[in-house]
$ cat protein10.pdb   # PDB, C-alpha atoms
ATOM      1  CA  MET A   1       0.000   0.000   0.000
ATOM      2  CA  ILE A   2       0.980   3.627  -0.372
ATOM      3  CA  ALA A   3       2.086   4.969   3.010
ATOM      4  CA  SER A   4       0.013   7.717   4.612
ATOM      5  CA  THR A   5       2.623  10.184   5.704
ATOM      6  CA  PRO A   6       2.209  13.500   7.552
ATOM      7  CA  PRO A   7       2.975  16.907   6.035
ATOM      8  CA  THR A   8       6.602  17.384   4.994
ATOM      9  CA  PRO A   9       9.355  17.471   6.120
ATOM     10  CA  TYR A  10      10.002  13.900   7.175
ATOM     11  CA  TYR A  11      12.630  11.290   6.267
ATOM     12  CA  ALA A  12      12.757   8.349   3.857
ATOM     13  CA  VAL A  13      15.120   5.375   3.982
ATOM     14  CA  ILE A  14      15.338   3.995   0.441
ATOM     15  CA  PHE A  15      16.679   0.431   0.557
ATOM     16  CA  THR A  16      17.319  -1.132  -2.872
ATOM     17  CA  SER A  17      18.550  -4.719  -2.982
ATOM     18  CA  VAL A  18      19.270  -7.758  -5.116
ATOM     19  CA  ARG A  19      18.578 -11.074  -3.342
ATOM     20  CA  THR A  20      20.634 -14.252  -3.309
ATOM     21  CA  PRO A  21      18.754 -17.323  -4.652
ATOM     22  CA  GLY A  22      16.191 -19.114  -2.460
ATOM     23  CA  ASP A  23      14.173 -17.887   0.517
ATOM     24  CA  GLN A  24      16.507 -19.010   3.360
ATOM     25  CA  GLY A  25      14.161 -17.493   5.958
ATOM     26  CA  TYR A  26      14.110 -14.123   4.243
ATOM     27  CA  ASN A  27      10.371 -13.557   3.894
ATOM     28  CA  GLU A  28       9.617 -14.483   7.497
ATOM     29  CA  MET A  29      12.300 -12.082   8.721
ATOM     30  CA  ALA A  30      11.152  -9.323   6.341
ATOM     31  CA  ASP A  31       7.601  -9.558   7.710
ATOM     32  CA  LYS A  32       8.939  -9.569  11.267
ATOM     33  CA  MET A  33      11.082  -6.481  10.642
ATOM     34  CA  VAL A  34       8.159  -4.527   9.146
ATOM     35  CA  ALA A  35       6.034  -5.388  12.207
ATOM     36  CA  LEU A  36       8.862  -4.421  14.546
ATOM     37  CA  ALA A  37       9.647  -1.173  12.696
ATOM     38  CA  ALA A  38       5.982  -0.171  12.977
ATOM     39  CA  LEU A  39       6.339  -0.240  16.790
ATOM     40  CA  GLN A  40       9.264   2.197  16.821
ATOM     41  CA  GLU A  41       8.974   5.816  17.890
ATOM     42  CA  GLY A  42       8.914   8.021  14.793
ATOM     43  CA  PHE A  43       7.915   5.314  12.287
ATOM     44  CA  LEU A  44       5.521   6.758   9.694
ATOM     45  CA  GLY A  45       4.981   3.963   7.159
ATOM     46  CA  VAL A  46       6.600   1.640   4.641
ATOM     47  CA  GLU A  47       6.229   0.736   0.953
ATOM     48  CA  SER A  48       7.799  -2.293  -0.697
ATOM     49  CA  ALA A  49       7.956  -4.090  -4.058
ATOM     50  CA  ARG A  50      10.348  -6.584  -5.627
ATOM     51  CA  GLU A  51      11.021  -7.646  -9.229
ATOM     52  CA  GLU A  52      14.632  -7.724 -10.490
ATOM     53  CA  VAL A  53      15.440  -5.432  -7.602
ATOM     54  CA  GLY A  54      13.594  -4.989  -4.352
ATOM     55  CA  ILE A  55      12.795  -1.473  -3.199
ATOM     56  CA  THR A  56      11.663  -0.822   0.363
ATOM     57  CA  VAL A  57      11.064   2.760   1.404
ATOM     58  CA  SER A  58      10.405   3.362   5.085
ATOM     59  CA  TYR A  59       9.344   6.767   6.340
ATOM     60  CA  TRP A  60      10.427   8.301   9.636
ATOM     61  CA  LYS A  61       9.776  11.436  11.637
ATOM     62  CA  ASP A  62      13.443  12.434  11.898
ATOM     63  CA  LEU A  63      17.052  11.218  11.733
ATOM     64  CA  GLU A  64      17.034  10.297  15.427
ATOM     65  CA  SER A  65      14.212   7.798  14.836
ATOM     66  CA  ILE A  66      16.228   6.222  12.005
ATOM     67  CA  LYS A  67      19.350   6.002  14.190
ATOM     68  CA  ASN A  68      17.390   4.404  17.028
ATOM     69  CA  TRP A  69      15.886   1.816  14.668
ATOM     70  CA  LYS A  70      19.358   1.007  13.348
ATOM     71  CA  LYS A  71      20.499   0.349  16.934
ATOM     72  CA  ASN A  72      17.566  -1.998  17.674
ATOM     73  CA  ALA A  73      19.094  -5.380  18.578
ATOM     74  CA  GLU A  74      16.737  -7.574  16.516
ATOM     75  CA  HIS A  75      17.119  -5.262  13.527
ATOM     76  CA  THR A  76      20.900  -5.339  13.894
ATOM     77  CA  PHE A  77      20.812  -9.151  13.874
ATOM     78  CA  ALA A  78      18.585  -9.133  10.765
ATOM     79  CA  ARG A  79      20.948  -6.741   8.965
ATOM     80  CA  GLU A  80      23.883  -9.048   9.728
ATOM     81  CA  GLN A  81      21.924 -11.971   8.287
ATOM     82  CA  GLY A  82      21.256  -9.800   5.246
ATOM     83  CA  ARG A  83      24.963  -9.356   4.579
ATOM     84  CA  ASN A  84      25.764 -12.986   5.394
ATOM     85  CA  VAL A  85      22.898 -14.750   3.621
ATOM     86  CA  TRP A  86      20.135 -12.863   1.845
ATOM     87  CA  TYR A  87      21.621 -10.071  -0.260
ATOM     88  CA  GLN A  88      23.872 -10.137  -3.287
ATOM     89  CA  ARG A  89      24.125  -6.376  -3.049
ATOM     90  CA  PHE A  90      22.182  -3.442  -1.670
ATOM     91  CA  LYS A  91      22.235   0.312  -1.370
ATOM     92  CA  THR A  92      20.703   2.335   1.454
ATOM     93  CA  ARG A  93      19.912   6.002   1.002
ATOM     94  CA  ILE A  94      18.708   8.339   3.731
ATOM     95  CA  ALA A  95      16.781  11.282   2.362
ATOM     96  CA  LYS A  96      14.807  14.232   3.676
ATOM     97  CA  VAL A  97      11.402  14.469   1.999
ATOM     98  CA  GLU A  98      10.933  18.145   1.227
ATOM     99  CA  THR A  99       7.701  18.102  -0.801
ATOM    100  CA  ASP A 100       5.040  15.549  -1.699
ATOM    101  CA  TYR A 101       1.736  15.368  -3.537
ATOM    102  CA  ALA A 102      -0.880  12.715  -4.079
ATOM    103  CA  PHE A 103      -3.485  11.688  -6.646
ATOM    104  CA  GLU A 104      -6.573   9.565  -6.035
ATOM    105  CA  ARG A 105      -8.961   8.569  -8.831
ATOM    106  CA  LYS A 106     -12.585   9.530  -8.272
ATOM    107  CA  ASN A 107     -15.082   6.743  -8.874
ATOM    108  CA  ARG A 108     -17.224   7.588 -11.882
ATOM    109  CA  ASP A 109     -20.472   7.095  -9.975
ATOM    110  CA  GLU A 110     -19.553   9.464  -7.157
TER     111      GLU A 110
ATOM    112  CA  MET B   1      19.286  -2.645 -11.337
ATOM    113  CA  ILE B   2      20.560  -0.611  -8.420
ATOM    114  CA  ALA B   3      21.375   2.899  -9.632
ATOM    115  CA  SER B   4      25.012   4.030  -9.513
ATOM    116  CA  THR B   5      24.746   7.455  -7.980
ATOM    117  CA  PRO B   6      27.482   9.996  -7.228
ATOM    118  CA  PRO B   7      28.503  11.066  -3.722
ATOM    119  CA  THR B   8      25.743  12.748  -1.714
ATOM    120  CA  PRO B   9      23.986  15.128  -1.729
ATOM    121  CA  TYR B  10      21.644  14.503  -4.652
ATOM    122  CA  TYR B  11      17.884  14.225  -5.039
ATOM    123  CA  ALA B  12      15.418  11.325  -5.228
ATOM    124  CA  VAL B  13      11.896  11.392  -6.649
ATOM    125  CA  ILE B  14      10.002   8.539  -4.994
ATOM    126  CA  PHE B  15       6.912   7.711  -7.055
ATOM    127  CA  THR B  16       4.596   5.108  -5.480
ATOM    128  CA  SER B  17       1.525   4.053  -7.444
ATOM    129  CA  VAL B  18      -1.386   1.643  -7.722
ATOM    130  CA  ARG B  19      -2.330   0.816 -11.329
ATOM    131  CA  THR B  20      -5.769   0.552 -12.895
ATOM    132  CA  PRO B  21      -6.491  -2.899 -14.458
ATOM    133  CA  GLY B  22      -4.988  -3.802 -17.854
ATOM    134  CA  ASP B  23      -1.972  -2.460 -19.669
ATOM    135  CA  GLN B  24      -3.653   0.236 -21.816
ATOM    136  CA  GLY B  25      -0.305   1.286 -23.277
ATOM    137  CA  TYR B  26       1.277   1.733 -19.862
ATOM    138  CA  ASN B  27       4.388  -0.430 -20.236
ATOM    139  CA  GLU B  28       5.351   1.056 -23.583
ATOM    140  CA  MET B  29       5.039   4.566 -22.160
ATOM    141  CA  ALA B  30       6.905   3.634 -18.980
ATOM    142  CA  ASP B  31       9.846   2.336 -21.026
ATOM    143  CA  LYS B  32       9.735   5.443 -23.212
ATOM    144  CA  MET B  33       9.763   7.762 -20.197
ATOM    145  CA  VAL B  34      12.757   5.982 -18.624
ATOM    146  CA  ALA B  35      14.664   6.331 -21.901
ATOM    147  CA  LEU B  36      13.681   9.994 -22.189
ATOM    148  CA  ALA B  37      14.506  10.777 -18.547
ATOM    149  CA  ALA B  38      17.970   9.284 -19.055
ATOM    150  CA  LEU B  39      18.660  11.955 -21.696
ATOM    151  CA  GLN B  40      17.867  14.850 -19.364
ATOM    152  CA  GLU B  41      20.485  17.093 -17.811
ATOM    153  CA  GLY B  42      21.022  16.074 -14.197
ATOM    154  CA  PHE B  43      19.534  12.566 -14.451
ATOM    155  CA  LEU B  44      21.551  10.141 -12.295
ATOM    156  CA  GLY B  45      19.649   6.847 -12.480
ATOM    157  CA  VAL B  46      16.388   5.039 -11.785
ATOM    158  CA  GLU B  47      15.190   1.975  -9.878
ATOM    159  CA  SER B  48      11.772   0.385 -10.288
ATOM    160  CA  ALA B  49       9.716  -2.574  -9.036
ATOM    161  CA  ARG B  50       6.002  -3.387  -8.935
ATOM    162  CA  GLU B  51       3.938  -5.851  -6.903
ATOM    163  CA  GLU B  52       0.799  -4.592  -5.102
ATOM    164  CA  VAL B  53       2.278  -1.142  -5.443
ATOM    165  CA  GLY B  54       4.799   0.123  -7.935
ATOM    166  CA  ILE B  55       7.780   2.063  -6.653
ATOM    167  CA  THR B  56       9.958   4.039  -9.045
ATOM    168  CA  VAL B  57      12.804   6.065  -7.600
ATOM    169  CA  SER B  58      14.612   8.385  -9.986
ATOM    170  CA  TYR B  59      17.757  10.199  -8.919
ATOM    171  CA  TRP B  60      18.694  13.722  -9.944
ATOM    172  CA  LYS B  61      21.557  16.144  -9.490
ATOM    173  CA  ASP B  62      19.404  18.935  -8.052
ATOM    174  CA  LEU B  63      15.886  20.383  -7.796
ATOM    175  CA  GLU B  64      16.317  22.342 -11.012
ATOM    176  CA  SER B  65      16.854  19.130 -12.982
ATOM    177  CA  ILE B  66      13.646  17.707 -11.480
ATOM    178  CA  LYS B  67      11.699  20.870 -12.365
ATOM    179  CA  ASN B  68      12.998  20.811 -15.947
ATOM    180  CA  TRP B  69      12.006  17.158 -16.349
ATOM    181  CA  LYS B  70       8.534  17.952 -15.019
ATOM    182  CA  LYS B  71       8.211  20.656 -17.707
ATOM    183  CA  ASN B  72       9.258  18.306 -20.552
ATOM    184  CA  ALA B  73       6.330  18.179 -23.006
ATOM    185  CA  GLU B  74       6.307  14.418 -23.590
ATOM    186  CA  HIS B  75       6.596  13.779 -19.863
ATOM    187  CA  THR B  76       3.753  16.206 -19.181
ATOM    188  CA  PHE B  77       1.571  14.328 -21.690
ATOM    189  CA  ALA B  78       2.482  10.993 -20.042
ATOM    190  CA  ARG B  79       1.609  12.345 -16.591
ATOM    191  CA  GLU B  80      -1.798  13.477 -17.853
ATOM    192  CA  GLN B  81      -2.384   9.982 -19.275
ATOM    193  CA  GLY B  82      -1.385   8.639 -15.865
ATOM    194  CA  ARG B  83      -4.128  10.585 -14.138
ATOM    195  CA  ASN B  84      -6.677   9.873 -16.879
ATOM    196  CA  VAL B  85      -5.990   6.196 -17.541
ATOM    197  CA  TRP B  86      -3.214   4.306 -15.764
ATOM    198  CA  TYR B  87      -3.269   5.114 -12.060
ATOM    199  CA  GLN B  88      -5.822   4.413  -9.382
ATOM    200  CA  ARG B  89      -3.740   6.492  -7.002
ATOM    201  CA  PHE B  90      -0.180   7.644  -6.577
ATOM    202  CA  LYS B  91       2.078   9.648  -4.319
ATOM    203  CA  THR B  92       5.176  11.577  -5.391
ATOM    204  CA  ARG B  93       7.816  12.555  -2.868
ATOM    205  CA  ILE B  94      10.831  14.749  -3.597
ATOM    206  CA  ALA B  95      13.674  14.104  -1.189
ATOM    207  CA  LYS B  96      17.273  15.207  -0.704
ATOM    208  CA  VAL B  97      19.570  12.216  -0.247
ATOM    209  CA  GLU B  98      21.892  13.162   2.593
ATOM    210  CA  THR B  99      23.798   9.910   3.144
ATOM    211  CA  ASP B 100      24.089   6.559   1.418
ATOM    212  CA  TYR B 101      26.052   3.325   1.711
ATOM    213  CA  ALA B 102      26.343   0.172  -0.322
ATOM    214  CA  PHE B 103      27.063  -3.525   0.156
ATOM    215  CA  GLU B 104      28.344  -5.954  -2.462
ATOM    216  CA  ARG B 105      28.868  -9.663  -1.737
ATOM    217  CA  LYS B 106      32.361 -10.949  -2.442
ATOM    218  CA  ASN B 107      32.531 -14.146  -4.480
ATOM    219  CA  ARG B 108      33.900 -16.940  -2.322
ATOM    220  CA  ASP B 109      36.624 -17.798  -4.853
ATOM    221  CA  GLU B 110      38.011 -14.270  -5.045
TER     222      GLU B 110
END

$ encode --input "protein10.pdb" --output "structure tokens"
Amino acid sequence: MIASTPPTPYYAVIFTSVRTPGDQGYNEMADKMVALAALQEGFLGVESAREEVGITVSYWKDLESIKNWKKNAEHTFAREQGRNVWYQRFKTRIAKVETDYAFERKNRDE
Amino acid sequence: MIASTPPTPYYAVIFTSVRTPGDQGYNEMADKMVALAALQEGFLGVESAREEVGITVSYWKDLESIKNWKKNAEHTFAREQGRNVWYQRFKTRIAKVETDYAFERKNRDE
């Protein structure tokens, strides 16, 4: 789903990755990390899709929230597993969302 | 593929969308727009994946490059088609990438 985020500014963590072959526990951990992230102070939402590359964008109130999530022990363990097992390569980008705008189609019978 | 971007800072346009049913010329136009974007001054790269939602992140040198691309006539026509035909809803976020880091798996026989 498209994340419902508050008025700008806020932060985005853009995580783009290429997986290694096979699941190897990846999907279970990915679901667990999304659920755990959602409990963190400053978490605003997440969007995710994977084809040749996977793109996960998580949204956060500020840089401090992102730093705290990075320090979370379970998340740290998952990131280590990512480097050891699940990812061929990845890139993480931390970005300040300065402006945003949305479009929603009106139903024809409204 | 994961975009090769220069040292920070640079800009990201995060475009998250939900499609209407059927292709209706969408994929041809999407390919055309990626090819056209790549010719623009200040374009740095693009990453894209679609499952329930589509996420396309394009990277740009600065805000001026993004504004010029938005003014491009063919891109403006494609965006109008997007609102009229292809998208149920979308959200566009313009963000300044402040920091990034990458991981690449070493082959075991290296």

$ closest_atom_pairs --input "protein10.pdb" --of "chain B" --to "chain A" --cutoff "8 Å" --atoms "all atoms listed in the file" --output "Markdown table"
| residue | atom | partner | partner_atom | distance |
| --- | --- | --- | --- | --- |
| B:Met1 | CA | A:Val53 | CA | 6.0 |
| B:Ile2 | CA | A:Thr16 | CA | 6.4 |
| B:Ala12 | CA | A:Ala95 | CA | 7.7 |
| B:Thr16 | CA | A:Ile2 | CA | 6.4 |
| B:Ser17 | CA | A:Ile2 | CA | 7.1 |
| B:Val18 | CA | A:Ile2 | CA | 8.0 |
| B:Glu47 | CA | A:Val53 | CA | 7.8 |
| B:Ser48 | CA | A:Val53 | CA | 7.4 |
| B:Ala49 | CA | A:Glu51 | CA | 5.2 |
| B:Arg50 | CA | A:Ala49 | CA | 5.3 |
| B:Glu51 | CA | A:Ala49 | CA | 5.2 |
| B:Glu52 | CA | A:Met1 | CA | 6.9 |
| B:Val53 | CA | A:Met1 | CA | 6.0 |
| B:Gly54 | CA | A:Ala49 | CA | 6.5 |
| B:Ile55 | CA | A:Ala49 | CA | 6.7 |
| B:Arg83 | CA | A:Arg105 | CA | 7.5 |
| B:Tyr87 | CA | A:Arg105 | CA | 7.4 |
| B:Gln88 | CA | A:Arg105 | CA | 5.2 |
| B:Arg89 | CA | A:Glu104 | CA | 4.3 |
| B:Phe90 | CA | A:Phe103 | CA | 5.2 |
| B:Lys91 | CA | A:Ala102 | CA | 4.3 |
| B:Thr92 | CA | A:Asp100 | CA | 5.4 |
| B:Arg93 | CA | A:Asp100 | CA | 4.2 |
| B:Ile94 | CA | A:Thr99 | CA | 5.4 |
| B:Ala95 | CA | A:Val97 | CA | 3.9 |
| B:Lys96 | CA | A:Ala95 | CA | 5.0 |
| B:Val97 | CA | A:Ala95 | CA | 3.9 |
| B:Glu98 | CA | A:Ala95 | CA | 5.5 |
| B:Thr99 | CA | A:Ile94 | CA | 5.4 |
| B:Asp100 | CA | A:Arg93 | CA | 4.2 |
| B:Tyr101 | CA | A:Thr92 | CA | 5.4 |
| B:Ala102 | CA | A:Lys91 | CA | 4.2 |
| B:Phe103 | CA | A:Arg89 | CA | 5.2 |
| B:Glu104 | CA | A:Arg89 | CA | 4.3 |
| B:Arg105 | CA | A:Gln88 | CA | 5.3 |

$ atom_distance --input "protein10.pdb" --atom1 "atom CA of Glu80 of chain B" --atom2 "atom CA of Pro7 of chain A"
24.6 Å

$ closest_residue --input "protein10.pdb" --among "A:Tyr26, A:Leu36, A:Thr5, A:Asp31" --to "Lys70 of chain A" --atoms "only C-alpha atoms"
A:Leu36

$ atom_distance --input "protein10.pdb" --atom1 "atom CA of Leu44 of chain B" --atom2 "atom CA of Lys61 of chain B"
6.6 Å

$ atom_distance --input "protein10.pdb" --atom1 "atom CA of Lys67 of chain A" --atom2 "atom CA of Leu63 of chain B"
26.5 Å

$ resolve_selection --input "protein10.pdb" --expression "the PyMOL selection byres ((chain B and resi 41) around 12)" --output "list in words"
Leu36, Ala37, Ala38, Leu39, Gln40, Gly42, Phe43, Leu44, Gly45, Tyr59, Trp60, Lys61, Asp62, Leu63, Glu64, Ser65, Ile66, Lys67, Asn68, Trp69 and Asn72 of chain B

$ closest_residue --input "protein10.pdb" --among "B:Val46, B:Pro21, B:Met29, B:Pro6" --to "Gln81 of chain B" --atoms "only C-alpha atoms"
B:Met29
